[in-house]
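J.: Before we start, here is the structure in question, set down as structure tokens.
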Amino acid sequence: MGEEATCSAIISFAGKLEDDSSEFYEQLAEKFAEERETFLEFAKECRQNKLLVVRTYQETITDALEACFIKIDLHNYVAEATLRGDMRYLDVLKTAIRLEEKASRFYFDAAEQSKSLLATIPRAFRKVAERRNNRKLKLKSLLESSI
Amino acid sequence: MTILEEPIKEVFTLRNYIGGEWIESEGELIDVVNPTNCRVIAKVPVSTKNEIDAAVETAKEAFLEWRRTPPVARARCLFRLKELMEERFEELSRVQTMEHGKTIDESRGETRRGIENVEVAAGMPSLMMGYNLEDIAAGIDEYLIRQPLGVFGIIGPFNFPFMVPLWFAPYAVATGNCIIVKPSSEDPISQMKIAELGEEAGFPPGVWNVVNGGRTVVSGMLDNPDIEGICFVGSTPVGRNVIYRKCGETNKRVIAQTGAKNFLLVMPDANLERTIASCMTSFYGNTGQRCLSGANLLVVGEGLDEHNYNAFYKKTVDAFVNAASKIRVGYGLDESVQMGPLRDKSKKRRVLGFIEKGIEEGAKLNLDGRNIKLVGNWPQTCFLNPSAFEDVTPDMAIGREEIFGPVASIMRAEGLDEAIEMIHSNPYGNAASIFTSSGKWAREFQYRVQCGNIGINIGIVAPMAFFPFSGMKDSFFGTLHGQGREAVRFFTESKVVIQRWF
């Protein structure tokens, strides 16, 4: 993962991000029954995000790979999505907010950096970025109401 | 460094696919080698004349029924084939990387472009329609119908083992013909995979055949009177002197798409950042093994005085070389890698020969790809890093001949007229591009340049499946091209009916 990443690396990163996030929210749903439906919904949305991003990539990539190397350093977007046994509900919400911040920033940056590619690619990234940004707002409101 | 899982785990022997059966060849076996690690991944037979003749006979028999199958039913086989290709998208792509060496992004791009041809050909019930006119004379109507011809041979190149045969095959079968595909012996696995999917998609036995091999199979196709036409993609000497000539002698239809030496012009008003990004994939994508690869970068000084031209030239060359020097080379299944190896060591030797010639002829080797730096610990056997020569002139071997490797030749042209003359002095006419912000220059370029595929601020002028893949001069021999409507015409005979009822 360098400053300039291949499309494949970006899509794999996005896939892993969504898989990890999905697993994280499923664990939260199990542990915190009061917001079970919300977390399950988040997990489901992660799976949809992955599907959207991978499908968009596979349907738009061509053998004439114009500028397929996107200036993005994936190290900057690695976020923790682990539920430790000793974590309280508030800690979990804070971890989730950090995860969503990194994820939405990754997708917004990927959308910006892929503007010269077919429009469907930045559009897909932006759509997922917005979904994850909305989720961050939702998590923040959960945090505020829990304090 | 993440290396994606290899889909081929064990060495296996390819068989021919004839009449719906997988048949072991009597011919000797040769190795299919992964150029990254030099490991044998499969064995491919060099099929015999008897085997190609048997395939033609089987295809000829299958044609009788297949041509009577309604176009919409034929198209449904293609819809199913497309679905299967989508399901196996990743496996098909990784196989290409293993057998050819290209990066996984490039392989997936190739898979997509191949599938697009299947999608277009699936519209054959509409594409194949003729036309009619009532009352051409009193009570007389006239109409045109398109009919399939019989059996076609498709000879694929090594550089796009999955996609190129699909410029032809889906159109041929959708119009009601039967085909025999001869993949390149260097990377034949992709075509075997396609045939497997074709079988699953429900093509009747004998419609879609694959015969592996070399010259014997090609000669067998050319000599066989029951083959109606040949589609070939490969070198100019073979395309012109063997395929085109022999098809003329035996009255076969022919599409022979051959070599190239593509010029990319950078005008003073070009968006340099975007131009350089485009050039990187054009010159070094697929390790320069594309008939649409950039070969000669012409920095054009139109409208500039000497001082400003020199400054513009230096800025362009510096940006180009700087970007090329950063390209990461290694195994295509490593997602961080941007360029793979050459297909085999003989191709590397050929490219090295050109680099040496370039130095001998006085060009300046600004970036020396012989200094091999790889991501990962791979044998250097088939690898080269990107190279770039400066001060190249059109008469030098590196400025004139097709290198088919990751070597850029940078040239100067005082103005657009001189640049176009330089393009025209080259025997090839596959593709040419101009990078500019001027509509006037772009139009002038498009209007005058004798090349089949013209790019305006585009580095790789790859026509989509619904357009023909064009080509001129020594880059194409034939009349109609592969892909799209031209392919429909190539694979059908136009029959005119004039009718009157008393």
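Naming works like this for the structure tokens: A, B, ... for the chains as they're shown, residue 1 at the start of each chain, ligands 1 onward in shown order.
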If the cut-off is 7 Å, can you tell me the residues of chain B near chain A, counting only C-alpha atoms? I'd like them as a VMD selection string.
T.: chain B and resid 105 to 106 108 to 110 112 to 113 277 to 278 281 335 to 336 338 460 462
J.: Write the residues of the selection above to a file with N, CA, C and O atoms, as a short mmCIF file (atom, residue, chain, number, x, y, z; two decimals), in the first residue's frame.
T.:
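Below you can see part-v3.cif, which holds the result:
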data_model
loop_
_atom_site.label_atom_id
_atom_site.label_comp_id
_atom_site.auth_asym_id
_atom_site.auth_seq_id
_atom_site.Cartn_x
_atom_site.Cartn_y
_atom_site.Cartn_z
N ASP B 105 -5.61 -5.99 -12.37
CA ASP B 105 -6.50 -4.96 -12.92
C ASP B 105 -6.61 -5.10 -14.44
O ASP B 105 -7.69 -4.98 -15.02
N GLU B 106 -5.47 -5.34 -15.08
CA GLU B 106 -5.49 -5.50 -16.54
C GLU B 106 -6.28 -6.73 -16.95
O GLU B 106 -7.03 -6.71 -17.94
N ARG B 108 -8.74 -8.18 -15.27
CA ARG B 108 -10.17 -7.95 -15.07
C ARG B 108 -10.72 -7.04 -16.17
O ARG B 108 -11.84 -7.22 -16.64
N GLY B 109 -9.90 -6.07 -16.58
CA GLY B 109 -10.31 -5.20 -17.69
C GLY B 109 -10.49 -6.01 -18.96
O GLY B 109 -11.44 -5.80 -19.72
N GLU B 110 -9.59 -6.95 -19.18
CA GLU B 110 -9.71 -7.80 -20.37
C GLU B 110 -10.96 -8.67 -20.30
O GLU B 110 -11.68 -8.83 -21.29
N ARG B 112 -13.68 -7.97 -18.76
CA ARG B 112 -14.85 -7.11 -18.99
C ARG B 112 -15.03 -6.84 -20.47
O ARG B 112 -16.13 -6.90 -21.01
N ARG B 113 -13.93 -6.52 -21.16
CA ARG B 113 -14.03 -6.20 -22.59
C ARG B 113 -14.48 -7.43 -23.39
O ARG B 113 -15.17 -7.29 -24.39
N ALA B 277 -0.40 10.76 -17.05
CA ALA B 277 -1.11 9.62 -16.45
C ALA B 277 -1.62 8.69 -17.55
O ALA B 277 -1.51 7.46 -17.47
N SER B 278 -2.15 9.29 -18.59
CA SER B 278 -2.67 8.52 -19.72
C SER B 278 -1.54 7.78 -20.44
O SER B 278 -1.70 6.63 -20.86
N THR B 281 -0.24 4.34 -18.77
CA THR B 281 -0.97 3.11 -19.07
C THR B 281 -0.87 2.77 -20.55
O THR B 281 -0.93 1.60 -20.93
N GLU B 335 -1.44 -7.15 -5.59
CA GLU B 335 -2.30 -5.98 -5.88
C GLU B 335 -1.56 -4.64 -5.88
O GLU B 335 -2.10 -3.64 -6.33
N SER B 336 -0.35 -4.63 -5.37
CA SER B 336 0.38 -3.36 -5.37
C SER B 336 1.13 -3.15 -6.69
O SER B 336 1.64 -2.07 -6.96
N GLN B 338 2.02 -2.64 -10.65
CA GLN B 338 1.42 -1.88 -11.76
C GLN B 338 1.86 -2.39 -13.13
O GLN B 338 1.31 -1.97 -14.14
N ILE B 460 -5.09 5.01 -24.88
CA ILE B 460 -5.30 3.70 -25.50
C ILE B 460 -6.63 3.73 -26.22
O ILE B 460 -7.69 3.74 -25.59
N ALA B 462 -8.98 2.00 -27.56
CA ALA B 462 -9.59 0.68 -27.71
C ALA B 462 -11.08 0.83 -27.98
O ALA B 462 -11.83 1.22 -27.10
#
J.: With only C-alpha atoms as the counted atoms, please give the residues lying no more than 8 Å from region 52-54 of chain A, apart from itself and same-chain residues fewer than 3 positions off, as number ranges by chain.
T.: A: 11, 14-15, 48-49, 57-58, 121, 124-125
J.: As a PyMOL selection string, please: the residues near Gln113 (chain A) (cut-off 7 Å, only C-alpha atoms, same-chain neighbours under 3 positions excluded).
T.: chain A and resi 70-71+109-110
J.: Selected residues, C-alpha atoms, written as a PDB file, in the first residue's frame, please.
T.:
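So part_0.pdb came out as:
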ATOM      1  CA  ILE A  70      -5.213   6.332  -7.780  1.00  0.00           C
ATOM      2  CA  LYS A  71      -3.239   8.675  -5.542  1.00  0.00           C
ATOM      3  CA  ASP A 109     -11.201  10.643  -0.984  1.00  0.00           C
ATOM      4  CA  ALA A 110     -11.517   7.682  -3.342  1.00  0.00           C
TER       5      ALA A 110
END
J.: Could you pull out the strand (DSSP E) residues of region 242-470 of chain B, going by DSSP on the backbone, and write them as a ChimeraX atom specification?
T.: /B:253-257,262-266,294-300,364-367,387-390,407-413,428-429,431-435,453-456
J.: How would the residues just chosen look if you wrote them out with C-alpha atoms as a JSON list (two decimals), in the first residue's frame?
T.:
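See result-v1.json below for the written result:
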[["chain", "number", "residue", "atom", "x", "y", "z"],
["B", 253, "ARG", "CA", -13.12, -14.00, -45.98],
["B", 254, "VAL", "CA", -10.40, -12.52, -43.82],
["B", 255, "ILE", "CA", -9.86, -10.17, -40.94],
["B", 256, "ALA", "CA", -6.14, -9.87, -40.18],
["B", 257, "GLN", "CA", -5.37, -7.35, -37.48],
["B", 262, "ASN", "CA", 1.48, 4.08, -32.36],
["B", 263, "PHE", "CA", 2.35, 7.76, -32.04],
["B", 264, "LEU", "CA", 1.12, 9.93, -29.19],
["B", 265, "LEU", "CA", 1.43, 13.67, -29.77],
["B", 266, "VAL", "CA", 1.73, 16.09, -26.88],
["B", 294, "GLY", "CA", 1.90, 3.96, -27.15],
["B", 295, "ALA", "CA", 5.29, 3.53, -28.82],
["B", 296, "ASN", "CA", 6.48, 6.96, -29.93],
["B", 297, "LEU", "CA", 5.85, 10.05, -27.82],
["B", 298, "LEU", "CA", 6.06, 13.11, -30.03],
["B", 299, "VAL", "CA", 6.52, 16.37, -28.21],
["B", 300, "VAL", "CA", 5.25, 18.99, -30.65],
["B", 364, "LYS", "CA", 19.68, 8.68, -25.33],
["B", 365, "LEU", "CA", 18.47, 6.04, -22.88],
["B", 366, "ASN", "CA", 16.94, 8.30, -20.26],
["B", 367, "LEU", "CA", 15.37, 5.50, -18.24],
["B", 387, "SER", "CA", 12.53, 2.21, -20.41],
["B", 388, "ALA", "CA", 12.43, 5.58, -22.16],
["B", 389, "PHE", "CA", 14.65, 6.86, -24.96],
["B", 390, "GLU", "CA", 15.11, 10.51, -25.88],
["B", 407, "VAL", "CA", 10.00, 0.95, -24.12],
["B", 408, "ALA", "CA", 9.03, 4.53, -25.02],
["B", 409, "SER", "CA", 10.72, 6.44, -27.83],
["B", 410, "ILE", "CA", 10.49, 10.18, -27.32],
["B", 411, "MET", "CA", 10.77, 12.38, -30.39],
["B", 412, "ARG", "CA", 10.58, 16.03, -31.31],
["B", 413, "ALA", "CA", 8.43, 17.64, -34.00],
["B", 428, "TYR", "CA", 1.74, 0.99, -39.64],
["B", 429, "GLY", "CA", -1.65, 2.63, -39.17],
["B", 431, "ALA", "CA", -3.71, 4.02, -33.66],
["B", 432, "ALA", "CA", -2.56, 7.57, -33.03],
["B", 433, "SER", "CA", -3.45, 10.06, -30.33],
["B", 434, "ILE", "CA", -3.18, 13.77, -29.76],
["B", 435, "PHE", "CA", -3.17, 15.49, -26.37],
["B", 453, "ASN", "CA", -8.16, 4.31, -34.30],
["B", 454, "ILE", "CA", -7.73, 7.95, -33.35],
["B", 455, "GLY", "CA", -7.47, 9.22, -29.79],
["B", 456, "ILE", "CA", -8.10, 12.76, -28.69]]
J.: In Å, rounded to a single decimal, give me how far CA of Ile104 (chain B) is from CA of Asn457 (chain B).
T.: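 Separation between CA of Asn457 (chain B) and CA of Ile104 (chain B): 25.1 Å.
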J.: Excluding Lys357 (chain B) and its own-chain neighbours fewer than 3 positions away, which residues fall within 8 Å of it when counting only C-alpha atoms? Please give them as a list in words.
T.: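 The neighbour list is Gly353, Phe354, Glu360, Glu361, Ala397 and Ile398 of chain B.
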J.: Next, the residues of the selection above should be written as a short mmCIF file (atom, residue, chain, number, x, y, z; two decimals), in the first residue's frame with all heavy atoms.
T.:
data_model
loop_
_atom_site.label_atom_id
_atom_site.label_comp_id
_atom_site.auth_asym_id
_atom_site.auth_seq_id
_atom_site.Cartn_x
_atom_site.Cartn_y
_atom_site.Cartn_z
N GLY B 353 17.14 -6.47 -27.37
CA GLY B 353 17.80 -6.21 -28.65
C GLY B 353 17.47 -4.81 -29.15
O GLY B 353 18.36 -4.09 -29.66
N PHE B 354 16.22 -4.40 -29.00
CA PHE B 354 15.84 -3.05 -29.43
C PHE B 354 16.51 -1.98 -28.57
O PHE B 354 16.92 -0.93 -29.08
CB PHE B 354 14.31 -2.89 -29.38
CG PHE B 354 13.63 -3.34 -30.64
CD1 PHE B 354 12.93 -4.53 -30.69
CD2 PHE B 354 13.71 -2.57 -31.78
CE1 PHE B 354 12.31 -4.95 -31.85
CE2 PHE B 354 13.08 -2.98 -32.96
CZ PHE B 354 12.38 -4.18 -33.00
N GLU B 360 22.97 2.01 -29.88
CA GLU B 360 23.91 2.02 -31.02
C GLU B 360 23.57 3.13 -32.01
O GLU B 360 24.44 3.76 -32.57
CB GLU B 360 23.82 0.69 -31.78
CG GLU B 360 24.62 -0.44 -31.18
CD GLU B 360 24.21 -1.78 -31.78
OE1 GLU B 360 23.75 -1.81 -32.94
OE2 GLU B 360 24.34 -2.79 -31.07
N GLU B 361 22.28 3.35 -32.21
CA GLU B 361 21.87 4.33 -33.22
C GLU B 361 21.90 5.77 -32.69
O GLU B 361 21.52 6.69 -33.40
CB GLU B 361 20.48 3.98 -33.76
CG GLU B 361 20.51 2.74 -34.63
CD GLU B 361 19.15 2.37 -35.21
OE1 GLU B 361 18.12 2.60 -34.54
OE2 GLU B 361 19.11 1.86 -36.33
N ALA B 397 15.61 2.18 -35.58
CA ALA B 397 14.82 0.95 -35.39
C ALA B 397 13.80 1.13 -34.27
O ALA B 397 12.63 0.72 -34.40
CB ALA B 397 15.74 -0.22 -35.09
N ILE B 398 14.19 1.77 -33.18
CA ILE B 398 13.26 1.93 -32.05
C ILE B 398 12.14 2.93 -32.36
O ILE B 398 11.11 2.93 -31.68
CB ILE B 398 13.98 2.33 -30.73
CG1 ILE B 398 14.79 3.61 -30.93
CG2 ILE B 398 14.81 1.19 -30.20
CD1 ILE B 398 15.27 4.21 -29.62
#
J.: When distances are computed from only C-alpha atoms, which of A:Lys136, A:Arg84, A:Lys44, A:Arg55 shows the smallest separation from Glu26 (chain A)?
T.: A:Lys44
J.: Could you pull out the alpha helix (DSSP H) residues of region 321-456 of chain B, going by DSSP on the backbone, and write them as a ChimeraX atom specification?
T.: /B:321-325,345-360,397-400,416-425,439-448
J.: Hey, what's within 12 Å of Ala43 (chain A) if we count only C-alpha atoms and toss same-chain stuff fewer than 5 positions away? As a VMD selection string, please?
T.: chain A and resid 17 to 30 36 to 38 48 to 50 132 135
J.: If you count only C-alpha atoms, which residues fall within 6 Å of Arg146 (chain B), apart from same-chain ones fewer than 2 positions away, as a list in words?
T.: Thr492, Glu493 and Ser494 of chain B
J.: Any chance you can output those residues with N, CA, C and O atoms as a short mmCIF file (atom, residue, chain, number, x, y, z; two decimals), in the first residue's frame?
T.:
data_model
loop_
_atom_site.label_atom_id
_atom_site.label_comp_id
_atom_site.auth_asym_id
_atom_site.auth_seq_id
_atom_site.Cartn_x
_atom_site.Cartn_y
_atom_site.Cartn_z
N THR B 492 -21.84 -12.81 -42.25
CA THR B 492 -23.07 -13.13 -42.98
C THR B 492 -22.93 -12.79 -44.47
O THR B 492 -22.16 -11.90 -44.84
N GLU B 493 -23.72 -13.48 -45.23
CA GLU B 493 -23.83 -13.17 -46.65
C GLU B 493 -25.11 -12.35 -46.84
O GLU B 493 -26.14 -12.67 -46.25
N SER B 494 -25.02 -11.30 -47.63
CA SER B 494 -26.23 -10.52 -47.93
C SER B 494 -26.91 -11.14 -49.15
O SER B 494 -26.29 -11.26 -50.21
#
J.: Can you tell me which residues surround Pro7 (chain B) at a distance of at most 8 Å, considering only C-alpha atoms, apart from same-chain residues fewer than 5 positions away, and format the answer as a list in words?
T.: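 Returned residues: Glu91, Arg94 and Val95 of chain B.
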J.: Can I get the selected residues back with C-alpha atoms, as a CSV table (one decimal), in the first residue's frame?
T.:
chain,number,residue,atom,x,y,z
B,91,GLU,CA,-11.3,-16.9,-11.7
B,94,ARG,CA,-6.7,-14.6,-12.4
B,95,VAL,CA,-6.1,-17.3,-15.0
